[in-house]
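Text of the file my_file_33.pdb, holding PDB, C-alpha atoms and all ligand atoms:
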ATOM      1  CA  LYS E   1      30.585  70.373 221.110
ATOM      2  CA  GLU E   2      27.416  68.672 219.968
ATOM      3  CA  THR E   3      26.870  67.685 216.362
ATOM      4  CA  LEU E   4      24.071  69.584 214.629
ATOM      5  CA  LEU E   5      24.195  67.992 211.195
ATOM      6  CA  LYS E   6      25.655  64.682 210.110
ATOM      7  CA  VAL E   7      25.498  63.382 206.579
ATOM      8  CA  ASN E   8      26.149  59.714 205.816
ATOM      9  CA  ASN E   9      26.848  58.360 202.329
ATOM     10  CA  LEU E  10      24.751  61.103 200.732
ATOM     11  CA  LYS E  11      24.058  60.651 197.032
ATOM     12  CA  LYS E  12      22.224  62.654 194.435
ATOM     13  CA  TYR E  13      21.987  61.286 190.908
ATOM     14  CA  PHE E  14      20.135  63.035 188.120
ATOM     15  CA  PRO E  15      18.891  61.036 185.143
ATOM     16  CA  THR E  16      20.025  62.538 181.836
ATOM     17  CA  LYS E  17      19.773  61.374 178.227
ATOM     18  CA  LYS E  18      23.413  60.299 178.324
ATOM     19  CA  GLY E  19      23.157  58.406 181.601
ATOM     20  CA  LEU E  20      23.079  59.027 185.336
ATOM     21  CA  LEU E  21      24.758  62.230 186.438
ATOM     22  CA  HIS E  22      26.521  61.558 189.741
ATOM     23  CA  ALA E  23      26.270  65.075 191.199
ATOM     24  CA  VAL E  24      26.870  63.988 194.786
ATOM     25  CA  ASP E  25      28.344  60.534 195.109
ATOM     26  CA  GLY E  26      28.649  59.207 198.626
ATOM     27  CA  VAL E  27      29.523  62.191 200.761
ATOM     28  CA  ASN E  28      30.113  62.126 204.555
ATOM     29  CA  PHE E  29      30.639  65.027 206.931
ATOM     30  CA  GLU E  30      29.394  66.499 210.158
ATOM     31  CA  ILE E  31      28.970  70.030 211.472
ATOM     32  CA  LYS E  32      29.105  70.899 215.167
ATOM     33  CA  LYS E  33      26.715  73.393 216.733
ATOM     34  CA  GLY E  34      27.863  76.967 216.265
ATOM     35  CA  GLU E  35      30.541  76.053 213.724
ATOM     36  CA  THR E  36      31.026  76.699 210.029
ATOM     37  CA  LEU E  37      31.892  73.993 207.558
ATOM     38  CA  GLY E  38      33.263  75.458 204.342
ATOM     39  CA  ILE E  39      32.602  73.457 201.168
ATOM     40  CA  VAL E  40      34.997  74.262 198.353
ATOM     41  CA  GLY E  41      35.433  73.083 194.796
ATOM     42  CA  GLU E  42      35.132  74.084 191.151
ATOM     43  CA  SER E  43      31.741  74.609 189.546
ATOM     44  CA  GLY E  44      30.055  71.288 188.897
ATOM     45  CA  CYS E  45      31.742  69.486 191.804
ATOM     46  CA  GLY E  46      28.396  69.014 193.559
ATOM     47  CA  LYS E  47      28.751  71.569 196.333
ATOM     48  CA  SER E  48      25.528  73.491 195.624
ATOM     49  CA  THR E  49      23.626  70.260 195.082
ATOM     50  CA  THR E  50      24.914  69.044 198.450
ATOM     51  CA  GLY E  51      23.576  72.223 200.073
ATOM     52  CA  ARG E  52      20.152  71.819 198.516
ATOM     53  CA  VAL E  53      19.924  68.105 199.243
ATOM     54  CA  VAL E  54      20.817  68.658 202.890
ATOM     55  CA  LEU E  55      17.831  71.044 203.195
ATOM     56  CA  ARG E  56      15.624  68.697 201.156
ATOM     57  CA  LEU E  57      15.017  71.440 198.609
ATOM     58  CA  ILE E  58      15.816  68.571 196.265
ATOM     59  CA  GLU E  59      15.525  64.949 197.365
ATOM     60  CA  ALA E  60      18.587  62.786 197.889
ATOM     61  CA  THR E  61      18.968  59.549 195.950
ATOM     62  CA  ASP E  62      20.452  57.746 198.951
ATOM     63  CA  GLY E  63      22.049  58.305 202.343
ATOM     64  CA  GLU E  64      21.137  59.825 205.692
ATOM     65  CA  ILE E  65      20.743  63.474 206.709
ATOM     66  CA  LEU E  66      20.791  63.575 210.499
ATOM     67  CA  PHE E  67      19.717  66.926 211.922
ATOM     68  CA  GLU E  68      19.993  66.883 215.715
ATOM     69  CA  GLY E  69      20.245  63.121 215.420
ATOM     70  CA  LYS E  70      17.063  62.596 213.410
ATOM     71  CA  ASP E  71      17.043  61.523 209.773
ATOM     72  CA  ILE E  72      15.044  64.265 208.081
ATOM     73  CA  ARG E  73      14.779  62.146 204.923
ATOM     74  CA  LYS E  74      12.219  60.089 206.854
ATOM     75  CA  TYR E  75      10.167  63.148 207.814
ATOM     76  CA  SER E  76       6.622  63.560 206.533
ATOM     77  CA  GLU E  77       5.781  66.727 204.633
ATOM     78  CA  ARG E  78       4.292  68.169 207.799
ATOM     79  CA  GLN E  79       7.371  67.380 209.917
ATOM     80  CA  MET E  80       9.572  68.791 207.187
ATOM     81  CA  ARG E  81       7.550  72.004 207.115
ATOM     82  CA  ASP E  82       8.378  72.554 210.788
ATOM     83  CA  ALA E  83      12.005  71.547 210.296
ATOM     84  CA  ARG E  84      12.307  74.152 207.509
ATOM     85  CA  LYS E  85      12.035  76.917 210.101
ATOM     86  CA  GLU E  86      15.308  75.733 211.562
ATOM     87  CA  MET E  87      17.144  75.248 208.252
ATOM     88  CA  GLN E  88      17.495  78.132 205.829
ATOM     89  CA  ILE E  89      19.530  79.097 202.772
ATOM     90  CA  VAL E  90      21.179  82.286 201.532
ATOM     91  CA  PHE E  91      21.747  82.361 197.773
ATOM     92  CA  GLN E  92      24.303  84.137 195.621
ATOM     93  CA  ASP E  93      21.542  86.210 194.055
ATOM     94  CA  PRO E  94      18.857  86.461 196.694
ATOM     95  CA  PHE E  95      16.246  87.840 194.297
ATOM     96  CA  ALA E  96      16.655  85.596 191.293
ATOM     97  CA  SER E  97      13.597  83.633 192.364
ATOM     98  CA  LEU E  98      11.584  86.483 193.859
ATOM     99  CA  ASN E  99       8.948  88.750 192.438
ATOM    100  CA  PRO E 100      10.697  92.086 191.689
ATOM    101  CA  ARG E 101       7.549  93.956 192.649
ATOM    102  CA  LEU E 102       7.859  92.976 196.308
ATOM    103  CA  SER E 103       9.170  95.606 198.703
ATOM    104  CA  LEU E 104      11.776  94.875 201.345
ATOM    105  CA  SER E 105       9.100  94.554 204.018
ATOM    106  CA  GLU E 106       7.231  92.013 201.885
ATOM    107  CA  ILE E 107      10.390  90.053 201.070
ATOM    108  CA  ILE E 108      11.716  89.890 204.606
ATOM    109  CA  GLY E 109       8.250  89.290 206.065
ATOM    110  CA  GLU E 110       7.224  86.628 203.551
ATOM    111  CA  PRO E 111       8.279  83.705 205.773
ATOM    112  CA  PHE E 112       5.807  85.007 208.401
ATOM    113  CA  GLU E 113       3.121  84.993 205.729
ATOM    114  CA  ILE E 114       3.968  81.434 204.668
ATOM    115  CA  PHE E 115       3.882  80.172 208.245
ATOM    116  CA  ASN E 116       0.947  82.368 209.201
ATOM    117  CA  MET E 117       2.828  84.045 212.037
ATOM    118  CA  TYR E 118       2.098  87.372 213.749
ATOM    119  CA  LYS E 119      -0.530  90.022 213.140
ATOM    120  CA  PRO E 120       0.272  92.706 210.518
ATOM    121  CA  LYS E 121       1.462  95.244 213.094
ATOM    122  CA  GLU E 122       3.767  92.732 214.812
ATOM    123  CA  ARG E 123       5.045  91.574 211.458
ATOM    124  CA  GLU E 124       6.119  95.087 210.611
ATOM    125  CA  GLU E 125       7.967  95.362 213.907
ATOM    126  CA  LYS E 126       9.674  92.029 213.314
ATOM    127  CA  VAL E 127      10.768  93.105 209.838
ATOM    128  CA  VAL E 128      12.292  96.304 211.215
ATOM    129  CA  GLU E 129      14.090  94.298 213.933
ATOM    130  CA  LEU E 130      15.516  91.987 211.293
ATOM    131  CA  MET E 131      16.628  94.933 209.172
ATOM    132  CA  GLU E 132      18.419  96.422 212.166
ATOM    133  CA  LEU E 133      20.049  93.077 212.884
ATOM    134  CA  VAL E 134      21.627  92.980 209.410
ATOM    135  CA  GLY E 135      22.570  96.650 209.332
ATOM    136  CA  LEU E 136      19.832  97.974 207.034
ATOM    137  CA  SER E 137      18.247 101.315 207.803
ATOM    138  CA  GLU E 138      14.569 101.235 208.702
ATOM    139  CA  ARG E 139      14.068 103.959 206.096
ATOM    140  CA  LEU E 140      14.521 101.313 203.388
ATOM    141  CA  VAL E 141      11.542  99.248 204.508
ATOM    142  CA  ASN E 142       9.334 100.235 201.563
ATOM    143  CA  THR E 143      12.009 100.263 198.861
ATOM    144  CA  TYR E 144      12.511  97.582 196.223
ATOM    145  CA  PRO E 145      15.562  95.366 195.811
ATOM    146  CA  HIS E 146      16.510  96.841 192.421
ATOM    147  CA  GLU E 147      16.967 100.199 194.173
ATOM    148  CA  LEU E 148      19.725  98.741 196.375
ATOM    149  CA  ASP E 149      23.393  97.954 195.744
ATOM    150  CA  GLY E 150      24.631  94.370 195.853
ATOM    151  CA  GLY E 151      25.780  94.469 199.473
ATOM    152  CA  ARG E 152      22.431  95.749 200.749
ATOM    153  CA  ARG E 153      20.572  93.248 198.602
ATOM    154  CA  GLN E 154      22.536  90.450 200.198
ATOM    155  CA  ARG E 155      21.723  91.879 203.640
ATOM    156  CA  VAL E 156      18.059  91.542 202.678
ATOM    157  CA  GLY E 157      18.702  87.904 201.734
ATOM    158  CA  VAL E 158      20.292  87.300 205.125
ATOM    159  CA  ALA E 159      17.453  89.067 206.988
ATOM    160  CA  ARG E 160      14.898  86.912 205.233
ATOM    161  CA  ALA E 161      16.840  83.753 206.077
ATOM    162  CA  LEU E 162      16.893  84.815 209.728
ATOM    163  CA  ALA E 163      13.163  85.618 209.944
ATOM    164  CA  LEU E 164      12.124  82.248 211.384
ATOM    165  CA  ASN E 165      14.984  82.086 213.864
ATOM    166  CA  PRO E 166      16.861  79.180 212.253
ATOM    167  CA  LYS E 167      19.671  77.139 213.793
ATOM    168  CA  PHE E 168      21.346  76.218 210.546
ATOM    169  CA  ILE E 169      21.986  78.181 207.346
ATOM    170  CA  VAL E 170      23.376  76.949 204.053
ATOM    171  CA  CYS E 171      25.232  79.881 202.503
ATOM    172  CA  ASP E 172      25.604  79.164 198.779
ATOM    173  CA  GLU E 173      28.223  81.527 197.344
ATOM    174  CA  PRO E 174      26.650  84.471 199.206
ATOM    175  CA  VAL E 175      29.455  86.910 198.368
ATOM    176  CA  SER E 176      30.599  85.653 194.965
ATOM    177  CA  ALA E 177      28.693  88.317 193.035
ATOM    178  CA  LEU E 178      29.996  91.186 195.199
ATOM    179  CA  ASP E 179      33.042  93.468 194.995
ATOM    180  CA  VAL E 180      35.899  92.353 197.209
ATOM    181  CA  SER E 181      35.457  95.290 199.640
ATOM    182  CA  ILE E 182      31.753  94.487 200.035
ATOM    183  CA  GLN E 183      32.540  90.782 200.396
ATOM    184  CA  ALA E 184      34.444  91.489 203.594
ATOM    185  CA  GLN E 185      31.509  93.475 205.034
ATOM    186  CA  ILE E 186      29.038  90.676 204.383
ATOM    187  CA  LEU E 187      31.427  88.017 205.711
ATOM    188  CA  ASN E 188      31.928  90.077 208.878
ATOM    189  CA  LEU E 189      28.181  90.493 209.242
ATOM    190  CA  MET E 190      27.652  86.754 208.902
ATOM    191  CA  GLN E 191      30.311  86.056 211.495
ATOM    192  CA  ASP E 192      28.801  88.564 213.941
ATOM    193  CA  LEU E 193      25.355  87.045 213.442
ATOM    194  CA  GLN E 194      26.749  83.577 213.998
ATOM    195  CA  GLU E 195      28.165  84.606 217.353
ATOM    196  CA  LYS E 196      25.144  86.611 218.429
ATOM    197  CA  LEU E 197      22.558  84.015 217.425
ATOM    198  CA  GLY E 198      24.536  80.793 217.843
ATOM    199  CA  LEU E 199      24.094  79.886 214.168
ATOM    200  CA  THR E 200      25.674  76.948 212.400
ATOM    201  CA  TYR E 201      26.736  77.456 208.784
ATOM    202  CA  MET E 202      27.512  75.359 205.783
ATOM    203  CA  PHE E 203      29.404  77.855 203.639
ATOM    204  CA  ILE E 204      29.745  76.970 199.963
ATOM    205  CA  SER E 205      32.258  78.717 197.708
ATOM    206  CA  HIS E 206      34.444  78.071 194.685
ATOM    207  CA  ASP E 207      37.011  80.362 196.305
ATOM    208  CA  LEU E 208      39.206  78.971 199.067
ATOM    209  CA  SER E 209      40.272  82.444 200.174
ATOM    210  CA  VAL E 210      36.619  83.375 200.860
ATOM    211  CA  VAL E 211      35.964  80.387 203.145
ATOM    212  CA  LYS E 212      39.337  80.650 204.879
ATOM    213  CA  HIS E 213      38.393  83.042 207.682
ATOM    214  CA  ILE E 214      34.777  82.092 208.169
ATOM    215  CA  SER E 215      35.257  78.307 208.334
ATOM    216  CA  ASP E 216      36.236  76.196 211.317
ATOM    217  CA  ARG E 217      36.606  73.193 209.047
ATOM    218  CA  ILE E 218      36.728  72.851 205.280
ATOM    219  CA  ALA E 219      35.639  70.051 202.950
ATOM    220  CA  VAL E 220      37.176  70.035 199.469
ATOM    221  CA  MET E 221      34.942  68.463 196.810
ATOM    222  CA  TYR E 222      35.900  67.094 193.414
ATOM    223  CA  LEU E 223      33.429  65.550 190.990
ATOM    224  CA  GLY E 224      30.799  64.607 193.555
ATOM    225  CA  LYS E 225      33.206  63.419 196.266
ATOM    226  CA  VAL E 226      34.818  64.923 199.343
ATOM    227  CA  VAL E 227      38.560  64.445 198.729
ATOM    228  CA  GLU E 228      39.831  66.147 201.888
ATOM    229  CA  ILE E 229      38.225  67.441 205.066
ATOM    230  CA  THR E 230      39.942  69.010 208.047
ATOM    231  CA  THR E 231      40.327  72.209 210.037
ATOM    232  CA  SER E 232      40.694  75.452 208.143
ATOM    233  CA  LYS E 233      44.204  75.758 209.579
ATOM    234  CA  GLN E 234      45.288  72.320 208.327
ATOM    235  CA  ILE E 235      43.899  72.961 204.839
ATOM    236  CA  PHE E 236      46.165  75.979 204.512
ATOM    237  CA  GLN E 237      49.216  74.728 206.408
ATOM    238  CA  ASN E 238      49.221  71.058 205.573
ATOM    239  CA  PRO E 239      47.052  70.244 202.552
ATOM    240  CA  LEU E 240      47.486  66.543 201.763
ATOM    241  CA  HIS E 241      45.373  65.974 198.671
ATOM    242  CA  PRO E 242      47.006  66.999 195.370
ATOM    243  CA  TYR E 243      43.784  68.731 194.320
ATOM    244  CA  THR E 244      43.687  70.821 197.519
ATOM    245  CA  GLN E 245      47.347  71.687 196.934
ATOM    246  CA  ALA E 246      46.505  72.867 193.415
ATOM    247  CA  LEU E 247      43.560  75.009 194.616
ATOM    248  CA  LEU E 248      45.762  76.522 197.284
ATOM    249  CA  SER E 249      48.598  77.271 194.889
ATOM    250  CA  ALA E 250      46.315  79.674 193.026
ATOM    251  CA  ILE E 251      45.846  81.950 196.068
ATOM    252  CA  PRO E 252      48.308  84.827 196.540
ATOM    253  CA  ILE E 253      50.388  84.604 199.713
ATOM    254  CA  PRO E 254      49.105  87.228 202.154
ATOM    255  CA  LYS E 255      51.385  90.249 202.677
ATOM    256  CA  ILE E 256      53.981  89.209 200.100
ATOM    257  CA  GLY E 257      51.243  89.276 197.471
ATOM    258  CA  GLN E 258      52.987  86.867 195.141
ATOM    259  CA  LYS E 259      51.532  83.552 194.135
ATOM    260  CA  ARG E 260      52.774  80.290 195.537
ATOM    261  CA  ASN E 261      54.483  77.898 193.172
ATOM    262  CA  ARG E 262      51.446  77.523 191.053
ATOM    263  CA  ILE E 263      50.391  73.991 190.240
ATOM    264  CA  ILE E 264      48.728  74.074 186.853
ATOM    265  CA  LEU E 265      46.259  71.269 186.394
ATOM    266  CA  GLU E 266      46.308  69.670 182.979
ATOM    267  CA  GLY E 267      43.134  68.365 181.408
ATOM    268  CA  ASP E 268      39.474  68.980 182.098
ATOM    269  CA  VAL E 269      37.268  67.817 184.912
ATOM    270  CA  PRO E 270      35.798  64.534 183.639
ATOM    271  CA  SER E 271      32.050  64.293 183.125
ATOM    272  CA  PRO E 272      29.982  63.467 186.194
ATOM    273  CA  ILE E 273      27.951  61.255 183.862
ATOM    274  CA  ASN E 274      29.518  57.815 184.186
ATOM    275  CA  PRO E 275      32.512  59.154 186.134
ATOM    276  CA  PRO E 276      35.831  57.277 185.755
ATOM    277  CA  ASN E 277      36.738  54.279 187.891
ATOM    278  CA  GLY E 278      39.531  54.691 190.376
ATOM    279  CA  CYS E 279      40.470  58.167 191.555
ATOM    280  CA  ARG E 280      38.356  60.813 189.828
ATOM    281  CA  PHE E 281      41.296  63.193 189.885
ATOM    282  CA  ALA E 282      43.659  60.735 188.169
ATOM    283  CA  GLY E 283      43.419  62.379 184.730
ATOM    284  CA  ARG E 284      44.754  65.680 186.118
ATOM    285  CA  CYS E 285      46.899  64.635 189.066
ATOM    286  CA  PRO E 286      50.642  65.445 188.918
ATOM    287  CA  TYR E 287      51.386  62.424 191.152
ATOM    288  CA  VAL E 288      49.192  59.866 189.436
ATOM    289  CA  MET E 289      50.255  56.198 189.823
ATOM    290  CA  ASP E 290      49.064  53.058 188.064
ATOM    291  CA  LYS E 291      46.791  51.998 190.863
ATOM    292  CA  CYS E 292      44.982  55.345 190.841
ATOM    293  CA  PHE E 293      43.157  54.319 187.663
ATOM    294  CA  GLY E 294      41.814  51.043 188.990
ATOM    295  CA  LEU E 295      41.232  51.598 192.671
ATOM    296  CA  GLU E 296      39.103  54.343 194.140
ATOM    297  CA  PRO E 297      40.792  55.934 197.169
ATOM    298  CA  GLU E 298      38.555  56.054 200.246
ATOM    299  CA  LEU E 299      38.299  59.040 202.527
ATOM    300  CA  ILE E 300      40.491  57.918 205.439
ATOM    301  CA  ASP E 301      41.098  59.541 208.814
ATOM    302  CA  VAL E 302      44.821  60.282 209.085
ATOM    303  CA  GLY E 303      44.502  61.653 212.623
ATOM    304  CA  GLY E 304      44.217  65.180 213.964
ATOM    305  CA  ASP E 305      40.688  65.718 212.578
ATOM    306  CA  HIS E 306      42.038  65.278 209.043
ATOM    307  CA  SER E 307      40.664  62.903 206.413
ATOM    308  CA  VAL E 308      41.990  62.446 202.879
ATOM    309  CA  ALA E 309      41.077  60.298 199.869
ATOM    310  CA  CYS E 310      44.377  59.679 198.048
ATOM    311  CA  HIS E 311      46.610  56.631 197.562
ATOM    312  CA  LEU E 312      49.699  58.756 198.155
ATOM    313  CA  VAL E 313      48.574  59.425 201.714
ATOM    314  CA  ASN E 314      46.816  56.145 202.441
ATOM    315  CA  LYS E 315      49.402  53.553 201.445
TER
HETATM  316 FE1  LIG N 401      46.521  61.638 192.539
HETATM  317 FE2  LIG N 401      46.373  59.018 192.786
HETATM  318 FE3  LIG N 401      46.025  60.567 194.895
HETATM  319 FE4  LIG N 401      44.188  60.455 193.009
HETATM  320  S1  LIG N 401      44.802  58.804 194.347
HETATM  321  S2  LIG N 401      44.933  62.278 193.987
HETATM  322  S3  LIG N 401      45.432  60.264 191.195
HETATM  323  S4  LIG N 401      47.883  60.320 193.697
HETATM  324 MG    MG N 402      27.088  76.561 192.687
END

Would you mind writing the file out in structure tokens?
Ligand code: SF4
Ligand code: MG
Amino acid sequence: KETLLKVNNLKKYFPTKKGLLHAVDGVNFEIKKGETLGIVGESGCGKSTTGRVVLRLIEATDGEILFEGKDIRKYSERQMRDARKEMQIVFQDPFASLNPRLSLSEIIGEPFEIFNMYKPKEREEKVVELMELVGLSERLVNTYPHELDGGRRQRVGVARALALNPKFIVCDEPVSALDVSIQAQILNLMQDLQEKLGLTYMFISHDLSVVKHISDRIAVMYLGKVVEITTSKQIFQNPLHPYTQALLSAIPIPKIGQKRNRIILEGDVPSPINPPNGCRFAGRCPYVMDKCFGLEPELIDVGGDHSVACHLVNK
């Protein structure tokens, strides 16, 4: 399969009063066409920032963002405007940033307005098509988001993201605010749409069990770094990084319903401002060794589409 998105040494630092916050600190990954890369980690690990930087909603500090082989960081504003049609985002709360007085037809059709596409009559037809595509009744076209339940609201968010016929969608915790039963419906919808439309997803979640079924591959992030990246299957069957093992140990075993031998992590996540030398997980790792404090483990390919950043694995 062809690569759609490839990110090389991506960094995003934010200046703060206390120093530089290393939100994303040298991240590498690629996503093949039609696949889903899950990005998992605790809040503050840099996963949402990675999603926004990749779309240039915020500018990277360093690195390359190759979309279909071209570095979009070098694009002019005009080129980027066109590229935006192909790269969209679905948020956890799709209406946090939107005017509550807009109706569904205005929300879903707004991208057409921004890009000056279609006459009013055609726009209406397009909006209804999009609503059908995401399983929303046409009857709702003139309602307002606050009149809808969470699942339908998220369907509106998805419809809007699909309006310009994108190739790539960053899904930033799209089901985290929903009840578990509704989560499954939205995840199924997103999977159906992916197949039907040939979409490629970057699916961000703090919850490994949410990304499990939707992801072909999963990247685990900790304090601005990718610590492990491999197939979804390998993450669950053969997790190699101690942090991945700890995340996994918190998920109940399907069917049996009991938890695995839970690995409780001691200590807090260190501050991303002036992060520690050596392995960033050292302060919480059950297997920590002397060299972990001095030497930063690199993300190394261990074979079988599996890369890990840990001195235990890479001796
Ligand atoms: Fe633990 Fe050391 Fe591996 Fe870091 S490098 S995860 S501290 S064993
Ligand atoms: Mg987030």

Separation of atom CA of Asn165 of chain E from atom CA of Asp71 of chain E, in Å and rounded to one decimal: 21.1 Å

Show me a table, sorted first by chain and then by increasing residue number, of the residues of chain E having an atom at most 8 Å from ligand LIG 401 (chain N), each with its shortest atom pair and the distance in Å to one decimal, counting all atoms listed in the file and written as JSON lines.
{"residue": "E:His241", "atom": "CA", "partner": "N:LIG401", "partner_atom": "S2", "distance": 6.0}
{"residue": "E:Pro242", "atom": "CA", "partner": "N:LIG401", "partner_atom": "S2", "distance": 5.3}
{"residue": "E:Tyr243", "atom": "CA", "partner": "N:LIG401", "partner_atom": "S2", "distance": 6.6}
{"residue": "E:Gly278", "atom": "CA", "partner": "N:LIG401", "partner_atom": "S1", "distance": 7.8}
{"residue": "E:Cys279", "atom": "CA", "partner": "N:LIG401", "partner_atom": "FE4", "distance": 4.6}
{"residue": "E:Arg280", "atom": "CA", "partner": "N:LIG401", "partner_atom": "FE4", "distance": 6.7}
{"residue": "E:Phe281", "atom": "CA", "partner": "N:LIG401", "partner_atom": "FE4", "distance": 5.1}
{"residue": "E:Ala282", "atom": "CA", "partner": "N:LIG401", "partner_atom": "S3", "distance": 3.5}
{"residue": "E:Gly283", "atom": "CA", "partner": "N:LIG401", "partner_atom": "S3", "distance": 7.1}
{"residue": "E:Arg284", "atom": "CA", "partner": "N:LIG401", "partner_atom": "S3", "distance": 7.5}
{"residue": "E:Cys285", "atom": "CA", "partner": "N:LIG401", "partner_atom": "FE1", "distance": 4.6}
{"residue": "E:Pro286", "atom": "CA", "partner": "N:LIG401", "partner_atom": "FE1", "distance": 6.7}
{"residue": "E:Tyr287", "atom": "CA", "partner": "N:LIG401", "partner_atom": "S4", "distance": 4.8}
{"residue": "E:Val288", "atom": "CA", "partner": "N:LIG401", "partner_atom": "S3", "distance": 4.2}
{"residue": "E:Met289", "atom": "CA", "partner": "N:LIG401", "partner_atom": "FE2", "distance": 5.6}
{"residue": "E:Lys291", "atom": "CA", "partner": "N:LIG401", "partner_atom": "FE2", "distance": 7.3}
{"residue": "E:Cys292", "atom": "CA", "partner": "N:LIG401", "partner_atom": "FE2", "distance": 4.4}
{"residue": "E:Phe293", "atom": "CA", "partner": "N:LIG401", "partner_atom": "S3", "distance": 7.3}
{"residue": "E:Glu296", "atom": "CA", "partner": "N:LIG401", "partner_atom": "S1", "distance": 7.2}
{"residue": "E:Pro297", "atom": "CA", "partner": "N:LIG401", "partner_atom": "S1", "distance": 5.7}
{"residue": "E:Ala309", "atom": "CA", "partner": "N:LIG401", "partner_atom": "S1", "distance": 6.8}
{"residue": "E:Cys310", "atom": "CA", "partner": "N:LIG401", "partner_atom": "FE3", "distance": 3.7}
{"residue": "E:His311", "atom": "CA", "partner": "N:LIG401", "partner_atom": "S1", "distance": 4.3}
{"residue": "E:Leu312", "atom": "CA", "partner": "N:LIG401", "partner_atom": "S4", "distance": 5.1}
{"residue": "E:Val313", "atom": "CA", "partner": "N:LIG401", "partner_atom": "FE3", "distance": 7.4}

Can you list, as a list in words, the residues that the PyMOL selection byres (((chain E and resi 10) around 6) and not hetatm) selects here?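 So the PyMOL selection byres (((chain E and resi 10) around 6) and not hetatm), applied here, picks out Asn8, Asn9, Lys11, Gly26, Val27, Asp62 and Gly63 of chain E.
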
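Against this structure, the PyMOL selection byres (((chain E and resi 220) around 9) and not hetatm) ends up with Gly38, Ile39, Val40, Gly41, Ile218, Ala219, Met221, Tyr222, Lys225, Val226, Val227, Glu228, Ile229, Tyr243 and Thr244 of chain E.
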
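Comparing E:Leu199, E:Leu136, E:Val170, E:Val7 by their smallest distance to ligand MG 402 (chain N), the closest is E:Val170 (using all atoms listed in the file).
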
Applying 10 Å and only C-alpha atoms, which residues near Glu124 of chain E remain after dropping the ones on its own chain fewer than 6 positions away? List them as an MDAnalysis selection string. chainID E and resid 105:106 108:109 118 130 141

Okay, now the selection with C-alpha atoms, as a short mmCIF file (atom, residue, chain, number, x, y, z; two decimals), keeping the file's coordinate frame?
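Once everything was written out, this is again18.cif:
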data_model
loop_
_atom_site.label_atom_id
_atom_site.label_comp_id
_atom_site.auth_asym_id
_atom_site.auth_seq_id
_atom_site.Cartn_x
_atom_site.Cartn_y
_atom_site.Cartn_z
CA SER E 105 9.10 94.55 204.02
CA GLU E 106 7.23 92.01 201.88
CA ILE E 108 11.72 89.89 204.61
CA GLY E 109 8.25 89.29 206.06
CA TYR E 118 2.10 87.37 213.75
CA LEU E 130 15.52 91.99 211.29
CA VAL E 141 11.54 99.25 204.51
#

Protein and nucleic residues near ligand MG 402 (chain N), 9 Å, only C-alpha atoms and all ligand atoms, as a list in words: Glu42, Ser43, Gly44, Cys45, Gly46, Lys47, Ser48, Thr49, Gln92, Asp172, Glu173, Ile204, Ser205 and His206 of chain E

Which residue, E:Val156, E:Ala96, E:Leu104, E:Ala177, has the smallest gap to Leu140 of chain E when you use all atoms listed in the file?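 Among E:Val156, E:Ala96, E:Leu104, E:Ala177, it is E:Leu104 that comes nearest to Leu140 of chain E.
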
Which residue of E:Val127, E:Met117, E:Leu248, E:Val90 approaches Ile186 of chain E most closely, using only C-alpha atoms: E:Val90
